[in-house]
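Step one of this worksheet: look at the structure below.
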Amino acid sequence: MIQRYSREDIARRAAADIPPGSYVNLGIGLPVMALDYWTPEHGVTVHSENGILGMRARTEADPVDPDLTNAAKQNVALSEGGSFFNHADSFAMMRGGHLDYCILGAYQVSETGDLANWSLGQPGVAAAVGGAMDLAVGAKRVHVLMEHLTRDGRPRLRRQCDLPLTGAACVDRVYTDFATLDVTPQGFLVRDMAPGLTREALQAATDAPLRFAQELCDVE
């Protein structure tokens with residue numbers, strides 16, 4: 001029986017792969033859950049698009065400050081030495097190559113690392129790319145957290161994206177409820193798979209061809 005990774009599992013795995021000393025931006029949705037898995041001891045400095053550097057998850061001991069929220073309008077707290085600033089400065093950090101990682105959600109990722117995460121291309125539906133385009137090209141590495149399949153069972157990992165792109169050839173790693181995959185010059189390389197999932201089943205759930213690491217990682 002396949003035991004898909006939960007949303008918490010996906011966020012935890014993504015957080016664990018960020019090395020100490022990194023500056024990281026978290027996108028709206030599933031990516032913001034990674035904030036719960038870093039403590040000050042991890043040495044990770046978290047940036048929020050709306051103008052925070054040194055963001056951390058709010059604990060029960062922290063008072064709720066209605067003026068201190070992340071880009072998803074969720075209440076957060078500041079780490080020691082944290083700061084906040086205007087959008088112009090925030091976007092200068094995003095565009096200027098100052099972020100080591102950004103962690104984003106996505107609708108689709110192609111085998112060449114193209115990212116589609118801002119529009120489903122539906123007529124009459126207003127959509128805005130926000131800061132995702134700036135993050136996709138400005139961060140040194142782009143990691144994506146997403147479900148492997150759409151609600152109607154179509155693969156999100158594709159040979160080519162058929163939705164409007166956020167960035168071209170920008171994604172480095174993808175975390176899904178089925179697997180962790182790196183984007184390489186040869187396409188998707190599977191690093192780990194959910195317990196009980198076979199290589200054949202993972203390939204059947206993926207539009208693009210897969211390669212598998214010589215030793216797939218065991219995930220606790």
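In the structure tokens, each chain is lettered A, B, ... as it comes, each chain's residues begin at 1, and ligands are numbered from 1 in order of appearance.
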Residue list (strand (DSSP E), DSSP) for region 130-181 of chain A, as a PDB file with N, CA and C atoms, in the first residue's frame:
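Once everything was written out, this is selection.pdb:
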```pdb
ATOM      1  N   ARG A 141      18.951  29.037  -5.827  1.00  0.00           N
ATOM      2  CA  ARG A 141      18.324  27.740  -6.067  1.00  0.00           C
ATOM      3  C   ARG A 141      16.823  27.861  -5.834  1.00  0.00           C
ATOM      4  N   VAL A 142      16.057  27.172  -6.677  1.00  0.00           N
ATOM      5  CA  VAL A 142      14.602  27.177  -6.582  1.00  0.00           C
ATOM      6  C   VAL A 142      14.126  25.760  -6.280  1.00  0.00           C
ATOM      7  N   HIS A 143      13.441  25.601  -5.154  1.00  0.00           N
ATOM      8  CA  HIS A 143      12.845  24.328  -4.770  1.00  0.00           C
ATOM      9  C   HIS A 143      11.329  24.471  -4.820  1.00  0.00           C
ATOM     10  N   VAL A 144      10.648  23.449  -5.308  1.00  0.00           N
ATOM     11  CA  VAL A 144       9.199  23.480  -5.481  1.00  0.00           C
ATOM     12  C   VAL A 144       8.542  22.415  -4.623  1.00  0.00           C
ATOM     13  N   LEU A 145       7.469  22.794  -3.936  1.00  0.00           N
ATOM     14  CA  LEU A 145       6.650  21.869  -3.154  1.00  0.00           C
ATOM     15  C   LEU A 145       5.283  21.784  -3.810  1.00  0.00           C
ATOM     16  N   LEU A 157       4.255  16.928 -13.224  1.00  0.00           N
ATOM     17  CA  LEU A 157       5.633  16.897 -13.717  1.00  0.00           C
ATOM     18  C   LEU A 157       5.579  16.456 -15.173  1.00  0.00           C
ATOM     19  N   ARG A 158       6.007  17.343 -16.072  1.00  0.00           N
ATOM     20  CA  ARG A 158       5.701  17.167 -17.487  1.00  0.00           C
ATOM     21  C   ARG A 158       6.934  17.326 -18.374  1.00  0.00           C
ATOM     22  N   ARG A 173      14.919  21.542  -7.708  1.00  0.00           N
ATOM     23  CA  ARG A 173      14.458  20.336  -6.994  1.00  0.00           C
ATOM     24  C   ARG A 173      12.955  20.440  -6.764  1.00  0.00           C
ATOM     25  N   VAL A 174      12.281  19.283  -6.791  1.00  0.00           N
ATOM     26  CA  VAL A 174      10.838  19.217  -6.589  1.00  0.00           C
ATOM     27  C   VAL A 174      10.536  18.199  -5.493  1.00  0.00           C
ATOM     28  N   TYR A 175       9.680  18.602  -4.558  1.00  0.00           N
ATOM     29  CA  TYR A 175       9.193  17.720  -3.493  1.00  0.00           C
ATOM     30  C   TYR A 175       7.696  17.507  -3.714  1.00  0.00           C
ATOM     31  N   ALA A 179       7.404  11.766  -4.199  1.00  0.00           N
ATOM     32  CA  ALA A 179       8.863  11.617  -4.348  1.00  0.00           C
ATOM     33  C   ALA A 179       9.567  12.966  -4.218  1.00  0.00           C
ATOM     34  N   THR A 180      10.901  12.881  -4.135  1.00  0.00           N
ATOM     35  CA  THR A 180      11.778  14.041  -4.280  1.00  0.00           C
ATOM     36  C   THR A 180      12.583  13.848  -5.553  1.00  0.00           C
ATOM     37  N   LEU A 181      12.610  14.869  -6.387  1.00  0.00           N
ATOM     38  CA  LEU A 181      13.275  14.756  -7.677  1.00  0.00           C
ATOM     39  C   LEU A 181      14.151  15.976  -7.931  1.00  0.00           C
TER      40      LEU A 181
END
```
Quick one: residues within 12 Å of Gly54 (chain A), only C-alpha atoms, excluding same-chain residues fewer than 4 positions away - as a list in words?
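Near Gly54 (chain A), the qualifying residues are Gly21, Ser22, Tyr23, Val24, Asn25, Leu26, Leu35, Trp38, Thr39, Pro40, Gly43, Val44, Thr45, Val46, His47, Ser48, Glu49, Leu68, Asn70, Val76, Ala77, Leu78, Ser79, Glu80, Gly81, Gly82, Ser83, Phe84 and Phe85 of chain A.
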Proximity check region 106-147 of chain A to region 88-93 of chain A, 9 Å, nearest pairs one decimal Å, only C-alpha atoms, as CSV:
```
residue,atom,partner,partner_atom,distance
A:Gly131,CA,A:Phe91,CA,7.8
A:Asp134,CA,A:Phe91,CA,7.6
A:Leu135,CA,A:Phe91,CA,8.7
A:Gly138,CA,A:Met93,CA,8.4
```
Using C-alpha atoms, can you export the residues from the last selection as a PDB file, in the first residue's frame?
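Below is the file out-v9.pdb, written as the result:
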```pdb
ATOM      1  CA  GLY A 131       6.794  38.142  -6.806  1.00  0.00           C
ATOM      2  CA  ASP A 134      11.382  37.709  -9.443  1.00  0.00           C
ATOM      3  CA  LEU A 135      12.132  34.863  -7.037  1.00  0.00           C
ATOM      4  CA  GLY A 138      16.733  35.908  -8.505  1.00  0.00           C
TER       5      GLY A 138
END
```
Distance CA of Leu165 (chain A)-CA of Gly27 (chain A), one decimal place?
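CA of Gly27 (chain A) lies 16.3 Å from CA of Leu165 (chain A).
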Residues near Gln160 (chain A), anyone? I mean within 12 Å using only C-alpha atoms, not counting same-chain ones fewer than 4 positions away, as a list in words.
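Selected residues are Gln108, Val109, Ser110, Glu111, Thr112, Gly113, Asp114, Leu115, Ala116, Pro155, Arg156, Pro164, Leu165, Ala168, Ala169, Gly187, Thr206, Asp207, Ala208 and Pro209 of chain A.
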Going by DSSP on the backbone, which residues of region 49-127 of chain A come out as alpha helix (DSSP H)? List them as a VMD selection string.
chain A and resid 87 to 95
Write to file, as a short mmCIF file (atom, residue, chain, number, x, y, z; two decimals), in the first residue's frame, the residues of the selection just made, with all heavy atoms.
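File written: part_7.cif
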```cif
data_model
loop_
_atom_site.label_atom_id
_atom_site.label_comp_id
_atom_site.auth_asym_id
_atom_site.auth_seq_id
_atom_site.Cartn_x
_atom_site.Cartn_y
_atom_site.Cartn_z
N HIS A 87 8.48 47.30 0.28
CA HIS A 87 8.50 46.36 -0.84
C HIS A 87 9.69 46.60 -1.77
O HIS A 87 10.23 45.65 -2.35
CB HIS A 87 7.20 46.46 -1.63
CG HIS A 87 6.17 45.46 -1.24
ND1 HIS A 87 5.45 45.56 -0.07
CD2 HIS A 87 5.76 44.32 -1.84
CE1 HIS A 87 4.61 44.54 0.01
NE2 HIS A 87 4.78 43.78 -1.03
N ALA A 88 10.08 47.85 -1.96
CA ALA A 88 11.18 48.13 -2.87
C ALA A 88 12.46 47.45 -2.40
O ALA A 88 13.19 46.83 -3.19
CB ALA A 88 11.38 49.64 -3.00
N ASP A 89 12.73 47.54 -1.11
CA ASP A 89 13.93 46.89 -0.57
C ASP A 89 13.79 45.38 -0.64
O ASP A 89 14.75 44.66 -0.92
CB ASP A 89 14.16 47.33 0.87
CG ASP A 89 14.57 48.79 0.98
OD1 ASP A 89 15.16 49.30 0.01
OD2 ASP A 89 14.29 49.42 2.02
N SER A 90 12.58 44.88 -0.37
CA SER A 90 12.37 43.44 -0.40
C SER A 90 12.61 42.88 -1.79
O SER A 90 13.29 41.86 -1.96
CB SER A 90 10.94 43.12 0.06
OG SER A 90 10.73 41.72 0.10
N PHE A 91 12.07 43.55 -2.81
CA PHE A 91 12.25 43.06 -4.17
C PHE A 91 13.69 43.25 -4.65
O PHE A 91 14.17 42.48 -5.50
CB PHE A 91 11.26 43.75 -5.11
CG PHE A 91 9.95 43.05 -5.19
CD1 PHE A 91 9.07 43.08 -4.12
CD2 PHE A 91 9.58 42.32 -6.32
CE1 PHE A 91 7.86 42.41 -4.17
CE2 PHE A 91 8.38 41.66 -6.38
CZ PHE A 91 7.50 41.69 -5.30
N ALA A 92 14.39 44.24 -4.12
CA ALA A 92 15.81 44.38 -4.46
C ALA A 92 16.60 43.18 -3.94
O ALA A 92 17.53 42.70 -4.61
CB ALA A 92 16.37 45.67 -3.87
N MET A 93 16.23 42.68 -2.76
CA MET A 93 16.87 41.46 -2.25
C MET A 93 16.55 40.27 -3.14
O MET A 93 17.42 39.44 -3.44
CB MET A 93 16.38 41.18 -0.83
CG MET A 93 16.76 42.21 0.20
SD MET A 93 16.06 41.82 1.82
CE MET A 93 16.44 43.32 2.72
N MET A 94 15.30 40.16 -3.58
CA MET A 94 14.88 39.03 -4.40
C MET A 94 15.53 39.06 -5.77
O MET A 94 15.98 38.03 -6.28
CB MET A 94 13.35 39.06 -4.55
CG MET A 94 12.61 38.77 -3.25
SD MET A 94 10.92 39.43 -3.18
CE MET A 94 10.20 38.76 -4.66
N ARG A 95 15.60 40.22 -6.38
CA ARG A 95 16.12 40.33 -7.73
C ARG A 95 17.64 40.38 -7.78
O ARG A 95 18.24 40.12 -8.83
CB ARG A 95 15.56 41.59 -8.40
CG ARG A 95 14.06 41.57 -8.59
CD ARG A 95 13.54 42.93 -9.00
NE ARG A 95 12.11 42.93 -9.25
CZ ARG A 95 11.37 44.02 -9.39
NH1 ARG A 95 11.96 45.21 -9.32
NH2 ARG A 95 10.07 43.93 -9.60
#
```
Can you tell me how far CA of His42 (chain A) sits from CA of Arg58 (chain A), in Å to one decimal?
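It comes out at 16.2 Å.
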CA of Ala34 (chain A) to CA of Ala71 (chain A), distance in Å rounded to a single decimal:
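Calculated distance between CA of Ala34 (chain A) and CA of Ala71 (chain A) is 14.1 Å.
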Find the residues around Ala127 (chain A) up to 12 Å (only C-alpha atoms counted), leave out those fewer than 4 positions away in its own chain, and share them as a PyMOL selection string.
chain A and resi 117-123+164
